[in-house]
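Visitor: So I've got this file, my_file_0.cif, and it contains mmCIF, C-alpha atoms and all ligand atoms:
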```cif
data_work
#
loop_
_atom_site.label_atom_id
_atom_site.label_comp_id
_atom_site.auth_asym_id
_atom_site.auth_seq_id
_atom_site.Cartn_x
_atom_site.Cartn_y
_atom_site.Cartn_z
CA MET A 688 70.40 140.16 85.83
CA ASP A 689 68.73 142.42 88.38
CA GLU A 690 65.22 140.94 88.84
CA GLN A 691 63.82 144.38 89.68
CA VAL A 692 64.84 145.95 86.38
CA ASN A 693 62.45 145.40 83.54
CA HIS A 694 62.31 147.99 80.80
CA LEU A 695 60.54 145.81 78.27
CA VAL A 696 56.90 145.57 77.30
CA TRP A 697 55.84 141.95 76.91
CA TYR A 698 52.88 140.13 75.44
CA PRO A 699 50.50 139.49 78.36
CA GLY A 700 49.54 136.04 79.60
CA GLN A 701 52.83 134.21 79.07
CA ASP A 702 55.18 133.36 81.93
CA LEU A 703 58.57 134.94 81.46
CA LEU A 704 60.34 132.02 83.08
CA LEU A 705 63.91 132.53 81.91
CA ARG A 706 65.20 136.09 82.05
CA ASP A 707 68.83 135.62 81.40
CA ILE A 708 69.54 133.48 78.35
CA VAL A 709 72.96 134.53 77.11
CA ARG A 710 73.82 132.04 74.38
CA ALA A 711 72.17 129.52 72.09
CA GLU A 712 73.39 126.74 69.86
CA ASN A 713 71.18 124.51 67.73
CA CYS A 714 68.39 123.42 70.15
CA HIS A 715 70.24 124.43 73.34
CA LEU A 716 69.91 127.67 75.28
CA TYR A 717 72.32 128.64 78.08
CA ASP A 718 71.70 131.07 80.92
CA SER A 719 74.29 133.28 82.59
CA GLU A 720 75.00 130.60 85.18
CA GLY A 721 75.71 128.02 82.49
CA ARG A 722 72.45 126.07 82.90
CA ARG A 723 71.36 124.38 79.67
CA TYR A 724 67.80 124.25 78.33
CA VAL A 725 66.47 122.30 75.36
CA ASP A 726 64.34 124.52 73.12
CA LEU A 727 61.48 122.33 71.82
CA GLU A 728 59.41 125.18 70.41
CA SER A 729 62.01 126.75 68.08
CA GLY A 730 61.57 130.17 69.64
CA VAL A 731 58.24 131.23 68.20
CA TRP A 732 58.36 128.57 65.41
CA CYS A 733 61.28 130.55 63.96
CA THR A 734 64.60 128.77 64.39
CA SER A 735 63.82 126.07 61.84
CA ILE A 736 67.44 124.94 61.43
CA GLY A 737 68.79 125.79 64.85
CA HIS A 738 69.93 128.74 66.94
CA ALA A 739 73.21 130.22 65.73
CA ASN A 740 73.28 127.86 62.75
CA PRO A 741 76.88 128.31 61.49
CA ARG A 742 75.85 128.73 57.84
CA ILE A 743 73.28 131.38 58.75
CA VAL A 744 75.75 133.16 61.03
CA ARG A 745 78.23 133.20 58.13
CA THR A 746 75.60 134.50 55.70
CA LEU A 747 74.56 137.25 58.13
CA THR A 748 78.15 138.25 58.75
CA GLU A 749 79.30 138.20 55.13
CA GLN A 750 76.19 139.78 53.63
CA SER A 751 75.94 142.55 56.23
CA ALA A 752 79.62 143.35 55.65
CA ARG A 753 78.87 143.71 51.91
CA ILE A 754 75.45 145.35 51.83
CA ALA A 755 72.49 144.84 54.19
CA HIS A 756 69.96 147.36 52.97
CA THR A 757 69.13 148.96 49.63
CA GLY A 758 66.80 151.81 48.73
CA PHE A 759 63.82 152.14 46.40
CA GLY A 760 66.07 153.31 43.59
CA TYR A 761 68.75 150.62 43.61
CA SER A 762 68.74 146.87 44.07
CA ASN A 763 70.98 143.88 44.37
CA GLY A 764 71.45 140.51 42.65
CA ILE A 765 71.12 138.60 45.94
CA ALA A 766 67.44 139.44 46.30
CA GLN A 767 66.85 138.32 42.69
CA GLU A 768 68.71 135.04 43.21
CA SER A 769 66.90 134.33 46.45
CA ALA A 770 63.54 135.09 44.85
CA ARG A 771 64.34 132.67 42.03
CA ALA A 772 65.18 129.91 44.53
CA ILE A 773 61.99 130.41 46.54
CA LEU A 774 59.75 130.65 43.48
CA SER A 775 61.26 127.46 42.10
CA LEU A 776 60.71 125.67 45.43
CA LEU A 777 57.04 126.66 45.23
CA GLY A 778 56.78 125.72 41.54
CA PHE A 779 55.99 129.42 40.84
CA GLU A 780 58.57 129.83 38.03
CA GLY A 781 57.90 133.04 36.11
CA GLY A 782 56.12 134.51 39.13
CA LYS A 783 57.46 137.09 41.55
CA CYS A 784 57.86 137.58 45.25
CA ALA A 785 58.48 140.34 47.78
CA PHE A 786 60.76 140.03 50.79
CA LEU A 787 59.20 141.64 53.85
CA CYS A 788 59.86 141.48 57.61
CA SER A 789 57.22 139.48 59.52
CA GLY A 790 54.65 136.76 58.99
CA SER A 791 51.81 139.18 59.70
CA GLU A 792 53.13 141.47 57.00
CA ALA A 793 53.49 138.67 54.43
CA VAL A 794 49.88 137.57 55.01
CA GLU A 795 48.57 141.14 54.93
CA TYR A 796 50.40 141.81 51.67
CA SER A 797 48.81 138.66 50.15
CA VAL A 798 45.38 139.80 51.29
CA ARG A 799 45.79 143.31 49.89
CA VAL A 800 46.75 141.93 46.50
CA ALA A 801 43.79 139.51 46.52
CA GLN A 802 41.41 142.29 47.58
CA ALA A 803 42.77 144.56 44.85
CA LEU A 804 42.19 141.91 42.17
CA SER A 805 38.91 140.46 43.39
CA LYS A 806 35.64 141.51 41.80
CA ARG A 807 33.66 140.05 44.68
CA PRO A 808 33.30 141.69 48.11
CA LEU A 809 34.54 138.93 50.43
CA LEU A 810 37.44 136.60 51.00
CA MET A 811 36.73 133.29 52.70
CA THR A 812 38.72 131.73 55.51
CA MET A 813 38.34 129.32 58.42
CA ALA A 814 36.90 130.83 61.59
CA ASP A 815 39.70 129.49 63.82
CA SER A 816 42.70 130.46 61.70
CA TYR A 817 45.30 132.95 62.90
CA PHE A 818 46.92 135.32 60.42
CA GLY A 819 48.94 137.78 62.42
CA ALA A 820 48.99 140.77 64.67
CA TYR A 821 47.37 143.34 62.39
CA GLY A 822 45.61 143.94 59.11
CA SER A 823 42.41 142.81 57.47
CA ALA A 824 42.89 139.07 58.10
CA SER A 825 43.60 139.62 61.79
CA ARG A 826 40.31 141.49 62.21
CA LYS A 827 38.17 139.29 59.93
CA GLN A 828 35.44 141.93 59.70
CA GLU A 829 32.13 140.85 58.23
CA ASP A 830 32.25 143.32 55.35
CA GLU A 831 35.56 141.79 54.16
CA TRP A 832 35.50 138.17 55.29
CA PHE A 833 33.29 135.11 55.26
CA CYS A 834 34.52 132.92 58.14
CA PHE A 835 33.62 129.26 57.84
CA ASP A 836 33.21 127.00 60.88
CA TRP A 837 34.73 123.74 59.69
CA THR A 838 34.43 121.99 63.06
CA ILE A 839 30.97 120.80 61.94
CA CYS A 840 32.65 119.20 58.91
CA ALA A 841 35.35 117.62 61.09
CA ALA A 842 32.63 115.85 63.07
CA CYS A 843 30.71 114.85 59.92
CA PRO A 844 30.65 111.08 59.24
CA TYR A 845 30.96 111.84 55.50
CA ALA A 846 33.99 114.17 55.87
CA SER A 847 36.19 112.00 53.67
CA GLU A 848 33.71 112.28 50.78
CA CYS A 849 32.43 115.79 51.60
CA ASN A 850 29.43 116.03 49.35
CA PRO A 851 29.03 119.69 48.40
CA GLN A 852 25.23 119.39 48.50
CA CYS A 853 25.00 119.42 52.29
CA GLU A 854 23.24 122.16 54.28
CA HIS A 855 26.38 123.56 55.81
CA TRP A 856 27.93 123.91 52.36
CA ALA A 857 24.75 125.36 50.85
CA ALA A 858 24.95 128.19 53.42
CA ILE A 859 28.21 129.48 51.91
CA SER A 860 27.45 132.32 49.50
CA PHE A 861 30.20 131.62 47.00
CA ASP A 862 28.84 134.35 44.70
CA ASP A 863 30.22 136.90 47.17
CA ILE A 864 33.59 135.21 47.59
CA GLY A 865 36.59 136.23 45.50
CA GLY A 866 39.33 134.27 47.24
CA PHE A 867 40.15 131.73 49.94
CA LEU A 868 42.87 132.30 52.55
CA PHE A 869 43.89 128.97 54.04
CA GLU A 870 46.09 128.24 57.04
CA PRO A 871 46.90 124.56 56.53
CA GLY A 872 47.07 123.21 60.02
CA SER A 873 48.19 125.40 62.84
CA SER A 874 44.71 126.80 63.71
CA SER A 875 45.97 129.40 66.15
CA GLY A 876 48.56 126.99 67.52
CA LEU A 877 46.00 124.28 68.27
CA VAL A 878 47.24 122.06 65.43
CA ARG A 879 43.96 121.11 63.84
CA PHE A 880 43.68 119.98 60.25
CA PRO A 881 40.55 120.70 58.23
CA PRO A 882 39.44 117.67 56.18
CA GLU A 883 41.27 117.31 52.89
CA LYS A 884 38.16 116.82 50.73
CA LEU A 885 36.48 119.90 52.22
CA ILE A 886 39.50 122.04 51.36
CA ARG A 887 39.67 120.65 47.84
CA ASN A 888 35.96 121.36 47.33
CA ILE A 889 36.33 124.94 48.56
CA VAL A 890 39.40 125.50 46.38
CA ALA A 891 37.61 124.09 43.32
CA LYS A 892 34.54 126.27 43.87
CA VAL A 893 36.54 129.46 44.50
CA LYS A 894 38.64 128.80 41.40
CA GLU A 895 35.51 128.10 39.34
CA ASN A 896 34.47 131.68 40.25
CA ASP A 897 37.91 133.00 39.16
CA GLY A 898 38.91 133.55 42.78
CA LEU A 899 42.44 133.33 44.15
CA ILE A 900 43.80 130.74 46.58
CA LEU A 901 46.03 132.24 49.26
CA VAL A 902 47.96 130.09 51.70
CA ASN A 903 49.47 131.18 55.00
CA GLU A 904 52.60 129.05 55.45
CA VAL A 905 54.08 131.19 58.22
CA THR A 906 54.11 128.32 60.72
CA THR A 907 53.43 125.26 58.52
CA GLY A 908 56.05 126.05 55.86
CA ILE A 909 59.77 125.30 55.60
CA GLY A 910 59.53 121.63 56.53
CA ARG A 911 57.58 121.93 59.77
CA THR A 912 54.87 119.43 58.77
CA GLY A 913 57.10 116.85 57.06
CA LEU A 914 56.84 118.43 53.60
CA TRP A 915 58.21 121.77 52.45
CA PHE A 916 54.76 123.37 52.71
CA GLY A 917 51.59 122.53 54.63
CA TYR A 918 49.35 122.97 51.58
CA GLN A 919 51.09 120.03 49.89
CA HIS A 920 49.22 117.69 52.26
CA TYR A 921 46.02 118.88 50.56
CA GLY A 922 47.09 118.48 46.93
CA ILE A 923 46.07 122.07 46.10
CA SER A 924 47.85 124.68 43.98
CA PRO A 925 47.81 128.13 45.59
CA ASP A 926 48.16 131.41 43.70
CA ILE A 927 49.74 133.35 46.56
CA VAL A 928 51.86 131.99 49.41
CA ALA A 929 52.97 133.83 52.55
CA LEU A 930 56.12 132.57 54.30
CA GLY A 931 57.65 133.83 57.53
CA LYS A 932 59.23 132.63 60.77
CA GLY A 933 61.29 129.54 59.72
CA ILE A 934 62.40 131.10 56.41
CA GLY A 935 64.60 133.48 58.45
CA ASN A 936 65.73 131.03 61.16
CA GLY A 937 65.26 133.84 63.69
CA TYR A 938 66.20 136.75 61.43
CA PRO A 939 63.05 138.80 60.67
CA VAL A 940 62.44 138.16 56.99
CA SER A 941 59.21 137.01 55.35
CA VAL A 942 58.09 136.42 51.77
CA THR A 943 54.91 136.82 49.75
CA ALA A 944 55.10 134.86 46.50
CA PHE A 945 52.78 135.10 43.50
CA VAL A 946 52.19 132.82 40.52
CA PRO A 947 52.75 134.43 37.09
CA ASP A 948 49.01 134.79 36.50
CA VAL A 949 48.59 137.03 39.56
CA ILE A 950 51.51 139.17 38.40
CA ASP A 951 49.87 139.42 34.95
CA GLN A 952 46.59 140.44 36.54
CA LEU A 953 48.40 143.17 38.47
CA GLY A 954 49.43 144.39 35.04
CA GLY A 955 52.87 145.69 35.94
CA SER A 956 51.54 148.02 38.62
CA PRO A 957 51.77 146.28 41.98
CA ILE A 958 49.62 147.46 44.86
CA LYS A 959 50.76 150.60 46.62
CA TYR A 960 52.65 149.29 49.58
CA ALA A 961 56.02 150.50 50.72
CA GLN A 962 58.19 149.78 53.72
CA SER A 963 61.86 150.40 54.35
CA HIS A 964 63.16 146.83 54.21
CA GLN A 965 61.25 145.47 51.24
CA ASN A 966 63.63 143.24 49.24
CA ASP A 967 66.63 144.03 51.43
CA PRO A 968 69.61 141.86 50.45
CA LEU A 969 70.35 140.77 54.03
CA GLY A 970 66.97 139.13 54.65
CA ALA A 971 66.92 137.71 51.11
CA ALA A 972 70.38 136.17 51.58
CA VAL A 973 69.28 134.54 54.85
CA ALA A 974 66.13 133.11 53.25
CA ARG A 975 68.14 131.68 50.36
CA GLU A 976 70.65 130.09 52.72
CA VAL A 977 67.91 128.55 54.89
CA VAL A 978 66.43 126.91 51.79
CA GLN A 979 69.87 125.68 50.72
CA VAL A 980 70.72 124.26 54.14
CA ILE A 981 67.43 122.35 54.35
CA THR A 982 67.88 121.01 50.82
CA GLU A 983 71.57 120.09 51.02
CA GLU A 984 71.38 118.59 54.50
CA GLY A 985 68.15 116.64 53.86
CA LEU A 986 66.48 118.25 56.86
CA ILE A 987 62.89 117.57 55.83
CA GLU A 988 63.63 113.84 55.93
CA ARG A 989 65.53 114.32 59.18
CA GLY A 990 62.52 116.09 60.71
CA LYS A 991 60.32 113.14 59.71
CA GLY A 992 62.74 110.78 61.47
CA ILE A 993 62.53 112.90 64.64
CA ALA A 994 58.72 112.84 64.44
CA ASP A 995 58.87 109.03 64.15
CA LEU A 996 60.80 108.95 67.42
CA LEU A 997 58.75 111.56 69.25
CA LEU A 998 55.20 110.51 68.37
CA PRO A 999 55.29 106.88 69.54
CA GLY A 1000 57.01 108.07 72.73
CA LEU A 1001 54.23 110.59 73.38
CA LYS A 1002 51.54 108.00 72.63
CA GLY A 1003 53.15 105.64 75.15
CA ILE A 1004 53.10 108.40 77.79
CA LYS A 1005 49.46 109.12 76.99
CA ASP A 1006 48.53 105.44 77.52
CA ARG A 1007 50.58 105.00 80.67
CA THR A 1008 49.74 108.24 82.50
CA GLY A 1009 46.16 109.01 81.43
CA LYS A 1010 47.10 112.71 81.67
CA ILE A 1011 46.97 113.49 77.94
CA LYS A 1012 43.57 113.76 76.33
CA GLU A 1013 44.65 114.13 72.71
CA ILE A 1014 47.81 114.34 70.64
CA ARG A 1015 47.43 116.21 67.34
CA SER A 1016 50.35 116.33 64.97
CA ARG A 1017 51.71 116.60 61.48
CA GLY A 1018 55.48 116.20 61.13
CA LEU A 1019 57.13 118.26 63.84
CA MET A 1020 54.07 120.38 64.61
CA ILE A 1021 52.53 118.84 67.70
CA ALA A 1022 49.82 119.89 70.17
CA LEU A 1023 49.28 117.99 73.39
CA GLU A 1024 45.87 118.56 74.89
CA LEU A 1025 46.09 117.63 78.54
CA GLU A 1026 43.17 116.06 80.38
CA ASP A 1027 40.34 118.39 81.48
CA ASP A 1028 41.88 121.24 83.39
CA PRO A 1029 39.56 124.25 83.79
CA ASP A 1030 41.64 127.47 83.63
CA ALA A 1031 44.62 125.20 83.00
CA PRO A 1032 46.50 125.20 86.37
CA PHE A 1033 47.87 121.68 85.75
CA THR A 1034 49.00 122.73 82.26
CA ILE A 1035 50.68 125.85 83.65
CA GLN A 1036 52.43 123.84 86.37
CA THR A 1037 53.52 121.16 83.91
CA HIS A 1038 54.95 123.85 81.64
CA ARG A 1039 56.83 125.50 84.53
CA GLU A 1040 58.13 122.20 85.79
CA LEU A 1041 59.42 121.21 82.35
CA VAL A 1042 61.29 124.52 82.09
CA HIS A 1043 62.65 124.03 85.59
CA ARG A 1044 63.99 120.65 84.49
CA GLY A 1045 65.54 122.09 81.34
CA TYR A 1046 62.90 121.59 78.60
CA ILE A 1047 61.17 124.51 76.90
CA VAL A 1048 57.85 123.73 75.24
CA GLY A 1049 55.13 126.11 74.05
CA ARG A 1050 51.98 126.77 76.03
CA ARG A 1051 48.76 128.26 74.73
CA THR A 1052 47.36 130.72 77.25
CA ASN A 1053 44.10 129.92 79.11
CA ILE A 1054 43.68 126.43 77.69
CA ASN A 1055 45.19 123.06 78.46
CA VAL A 1056 47.43 122.77 75.40
CA LEU A 1057 51.20 122.40 75.25
CA ARG A 1058 52.99 122.72 71.92
CA LEU A 1059 56.06 120.95 70.61
CA ASP A 1060 57.64 122.40 67.47
CA PRO A 1061 61.26 121.26 67.61
CA ILE A 1062 64.01 122.45 65.37
CA LEU A 1063 64.54 120.17 62.33
CA THR A 1064 68.10 119.64 63.57
CA VAL A 1065 67.15 118.74 67.16
CA ASP A 1066 69.35 116.12 68.72
CA GLU A 1067 67.72 112.68 69.12
CA LYS A 1068 69.19 112.40 72.64
CA ASP A 1069 67.28 115.55 73.63
CA ILE A 1070 64.03 114.02 72.38
CA GLU A 1071 64.70 110.87 74.41
CA GLY A 1072 65.59 113.01 77.45
CA PHE A 1073 62.40 115.03 77.06
CA LEU A 1074 60.19 111.94 76.84
CA GLU A 1075 61.69 110.58 80.03
CA ILE A 1076 61.29 113.84 81.97
CA PHE A 1077 57.83 114.59 80.55
CA GLU A 1078 56.43 111.33 81.92
CA VAL A 1079 57.96 112.03 85.33
CA VAL A 1080 56.59 115.60 85.35
CA LEU A 1081 53.08 114.47 84.38
CA THR A 1082 52.92 111.97 87.21
CA ASP A 1083 55.09 113.57 89.92
CA GLU A 1084 53.17 115.49 92.58
CA ARG A 1085 56.27 117.44 93.73
CA ARG A 1086 56.62 120.63 91.75
CA HIS A 1087 58.85 123.70 91.93
CA ASP A 1088 56.24 126.49 91.69
C1 LIG B 1 49.73 130.91 61.65
C2 LIG B 1 50.40 132.25 61.83
N1 LIG B 1 50.33 133.15 60.84
C3 LIG B 1 50.93 134.36 60.94
C4 LIG B 1 51.63 134.72 62.08
C5 LIG B 1 52.25 136.07 62.18
O1 LIG B 1 53.65 136.00 62.13
P1 LIG B 1 54.53 137.14 62.83
O2 LIG B 1 54.35 136.99 64.31
O3 LIG B 1 55.92 136.86 62.35
O4 LIG B 1 54.05 138.43 62.36
C6 LIG B 1 51.71 133.81 63.14
C7 LIG B 1 52.44 134.16 64.38
O5 LIG B 1 52.48 133.44 65.35
C8 LIG B 1 51.07 132.55 63.02
O6 LIG B 1 51.11 131.64 64.01
#
```
So, in terms of structure tokens, how does the structure I just supplied come out?

Guide:
Amino acid sequence: MDEQVNHLVWYPGQDLLLRDIVRAENCHLYDSEGRRYVDLESGVWCTSIGHANPRIVRTLTEQSARIAHTGFGYSNGIAQESARAILSLLGFEGGKCAFLCSGSEAVEYSVRVAQALSKRPLLMTMADSYFGAYGSASRKQEDEWFCFDWTICAACPYASECNPQCEHWAAISFDDIGGFLFEPGSSSGLVRFPPEKLIRNIVAKVKENDGLILVNEVTTGIGRTGLWFGYQHYGISPDIVALGKGIGNGYPVSVTAFVPDVIDQLGGSPIKYAQSHQNDPLGAAVAREVVQVITEEGLIERGKGIADLLLPGLKGIKDRTGKIKEIRSRGLMIALELEDDPDAPFTIQTHRELVHRGYIVGRRTNINVLRLDPILTVDEKDIEGFLEIFEVVLTDERRHD
């Protein structure tokens, strides 16, 4: 590709290191010269079951040849069947869901429903959570949101008991809060997990006030954390769940799902929200197939096995090199905080060097964090290969900048 030609607008801050990827298969990307790269970040957390997964390719081909898009006045059994499968996976039988296009949209739709039903002015969330590119939850304005700083709780010696009499808790004005939007673990890609007891206490209090529990499973859902959904690690029962990214395996479909009680409260007249691809059969068919593939091929268990290989390897590298400050993980959602690196030049170089040697990992801009979010179907040999190269890259002074 001509290096001088660039007609695309890109998100700032990220290195566009590979400009000519022409083909992908499972966790492997190939450039136009046939070089192979191992994708250890699943695109942007999206290709949960692998690039060009044959069953998803078949679904896309067959469904788009039948019918891809419907209008407001006519529908299709595929969307109904897919909705039933997703609701049953969530334990939301009798509820309803909407198929949308992006994670941001699924979260925003959840928030609009909660705001429409709430009799209190604010929704609560964690100060460090990320919810998407636009909408109320992305802005977190004071007149709509109460943002809680849970880092104080994480450092609290009583976090595992979390006594709701403490000062920090007493400062939360639950009387103003009509719902809690929880992102169970990604924390803007930093992979931090708020204490379980704290979350259960918040959920109990919000529910006591008839508030709704909303969960953003855009990154943590679809097996990423070793269970189907990140909220399952907390033993809570949400009322609204937003899914995105991995549910489409790279095709842009997302889902907002509601328990029956929320649908009853909406009283048959859902909020006014329309977009062209709502409940399109193509996206719905892909989502249904992704769920079926993960179920039939036991991929959640497989992902756990990969995590059991990857984590001890990373811990060994941490001990031997002294270059990793902290490893945070749940299932196949992993953040590696490198040793102190103001403005992150070492992190940037490490990232570039890994790509140069054929391994693509995620990098958070401006901080010293690398992310690993491999595909559930990643090859074990590629994990072993990565561990070997990663240790060399962390300790080798010679770099290809
Ligand atoms: C935790 C979380 N929620 C929501 C979103 C928004 O998803 P999308 O980019 O598909 O709109 C993202 C995107 O990275 C995310 O990380």

Visitor: Set out as CSV a contact list for chain A and ligand LIG 1 (chain B) with a cut-off of 8 Å, giving each residue of chain A that qualifies its closest atom pair and distance in Å to one decimal, counting only C-alpha atoms and all ligand atoms, ordered by chain and rising residue number.

Guide:
```
residue,atom,partner,partner_atom,distance
A:Val731,CA,B:LIG1,O5,6.8
A:Trp732,CA,B:LIG1,O5,7.6
A:Cys788,CA,B:LIG1,O3,7.7
A:Ser789,CA,B:LIG1,O3,4.1
A:Gly790,CA,B:LIG1,O1,3.4
A:Ser791,CA,B:LIG1,O4,3.6
A:Glu792,CA,B:LIG1,O4,6.2
A:Ala793,CA,B:LIG1,O4,8.0
A:Val794,CA,B:LIG1,C3,6.8
A:Ser816,CA,B:LIG1,C1,7.0
A:Tyr817,CA,B:LIG1,C1,5.0
A:Phe818,CA,B:LIG1,N1,4.1
A:Gly819,CA,B:LIG1,C5,3.7
A:Ala820,CA,B:LIG1,O4,6.0
A:Glu870,CA,B:LIG1,C1,6.5
A:Ser873,CA,B:LIG1,C1,5.8
A:Ser874,CA,B:LIG1,C1,6.8
A:Ser875,CA,B:LIG1,O6,6.0
A:Gly876,CA,B:LIG1,O6,6.4
A:Asn903,CA,B:LIG1,N1,6.2
A:Glu904,CA,B:LIG1,C1,7.1
A:Val905,CA,B:LIG1,N1,5.0
A:Thr906,CA,B:LIG1,C1,5.2
A:Thr907,CA,B:LIG1,C1,7.4
A:Gly931,CA,B:LIG1,O3,6.0
A:Lys932,CA,B:LIG1,O3,5.6
A:Pro939,CA,B:LIG1,O3,7.6
A:Ser941,CA,B:LIG1,O3,7.7
```

Visitor: Calculated over all atoms listed in the file, which of the candidates A:Ser825, A:Tyr717, A:Leu1025, A:Gln750 has the smallest distance to A:Asn763?

Guide: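 The answer is A:Gln750, which sits nearest to A:Asn763.
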
Visitor: Compile the contact shell of A:Asp726 as a list in words: residues with an atom at most 8 Å away, counting all atoms listed in the file, same-chain residues fewer than 2 positions apart removed.

Guide: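 Those residues are Cys714, His715, Leu716, Tyr724, Glu728, Ser729, Gly730, Tyr1046, Ile1047, Val1048 and Pro1061 of chain A.
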
Visitor: Distance atom CA of A:Arg745-atom CA of A:Glu988, one decimal place?

Guide: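 Separation of atom CA of A:Arg745 and atom CA of A:Glu988: 24.3 Å.
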
Visitor: Atom CA of A:Pro881 and atom CA of A:Thr1034, how far apart in Å?

Guide: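 Here the two named atoms are 25.6 Å from each other.
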
Visitor: Please provide the set of residues having any atom within 12 Å of A:Glu780, restricted to all atoms listed in the file, with same-chain residues fewer than 6 positions apart removed, written as a list in words.

Guide: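 The residues satisfying every condition are Ala770, Arg771, Ala772, Ile773, Leu774, Asp926, Ala944, Phe945, Val946, Pro947, Asp948 and Ile950 of chain A.
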
Visitor: Write the residues you've just listed into a file as a short mmCIF file (atom, residue, chain, number, x, y, z; two decimals), in the frame of the given file, and include C-alpha atoms for each of them.

Guide:
```cif
data_model
loop_
_atom_site.label_atom_id
_atom_site.label_comp_id
_atom_site.auth_asym_id
_atom_site.auth_seq_id
_atom_site.Cartn_x
_atom_site.Cartn_y
_atom_site.Cartn_z
CA ALA A 770 63.54 135.09 44.85
CA ARG A 771 64.34 132.67 42.03
CA ALA A 772 65.18 129.91 44.53
CA ILE A 773 61.99 130.41 46.54
CA LEU A 774 59.75 130.65 43.48
CA ASP A 926 48.16 131.41 43.70
CA ALA A 944 55.10 134.86 46.50
CA PHE A 945 52.78 135.10 43.50
CA VAL A 946 52.19 132.82 40.52
CA PRO A 947 52.75 134.43 37.09
CA ASP A 948 49.01 134.79 36.50
CA ILE A 950 51.51 139.17 38.40
#
```

Visitor: Smallest atom-to-atom distance to A:Leu997: which of A:Ala841, A:Leu727, A:Arg1051, A:Gly970, using all atoms listed in the file?

Guide: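 When distances to A:Leu997 are compared using all atoms listed in the file, the smallest one comes from A:Leu727.
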
Visitor: So which one's closest to A:Ser751, A:Gly1009, A:Val973, A:Asp702, A:Asp1030? Using all atoms listed in the file, please.

Guide: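 The shortest atom-to-atom distance to A:Ser751 comes from A:Val973.
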
Visitor: What would the list of residues within 6 Å of (41.5, 117.3, 46.4) (file frame) look like as a list of chain:residue names, if all atoms listed in the file are what count?

Guide: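 Final list of nearby residues, as requested, is A:Lys884, A:Arg887, A:Gly922.
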
Visitor: Taking only C-alpha atoms into account, name the residue in A:Gly1072, A:Gly764, A:Gly898, A:Gly1045 that is nearest to A:Asp718.

Guide: A:Gly1045

Visitor: Rank A:Asp1027, A:Glu1013, A:Glu848, A:Asp863 by their smallest atom-to-atom distance to A:Trp832, using all atoms listed in the file, and report the top residue only.

Guide: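 Nearest to A:Trp832: A:Asp863.
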
Visitor: Find the residue from A:Ala971, A:Ala1031, A:Ala858, A:Val800 that sits nearest to A:Ile754; use all atoms listed in the file when measuring.

Guide: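 For A:Ile754, the nearest of the candidates is A:Ala971.
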
Visitor: Tell me which residues come within 7 Å of (30.7, 134.1, 50.2), as an MDAnalysis selection string, counting all atoms listed in the file in the file's coordinates.

Guide: chainID A and resid 809 811 833 859:864

Visitor: Record the distance separating atom CA of A:Ile889 and atom CA of A:Phe867, expressed in Å with one decimal.

Guide: 7.9 Å

Visitor: Fewer than 3 positions away in the same chain doesn't count, so skip those; otherwise give me all residues within 9 Å of A:Glu883, counting only C-alpha atoms, as number ranges by chain.

Guide: A: 846-847, 880, 886-888, 920-922
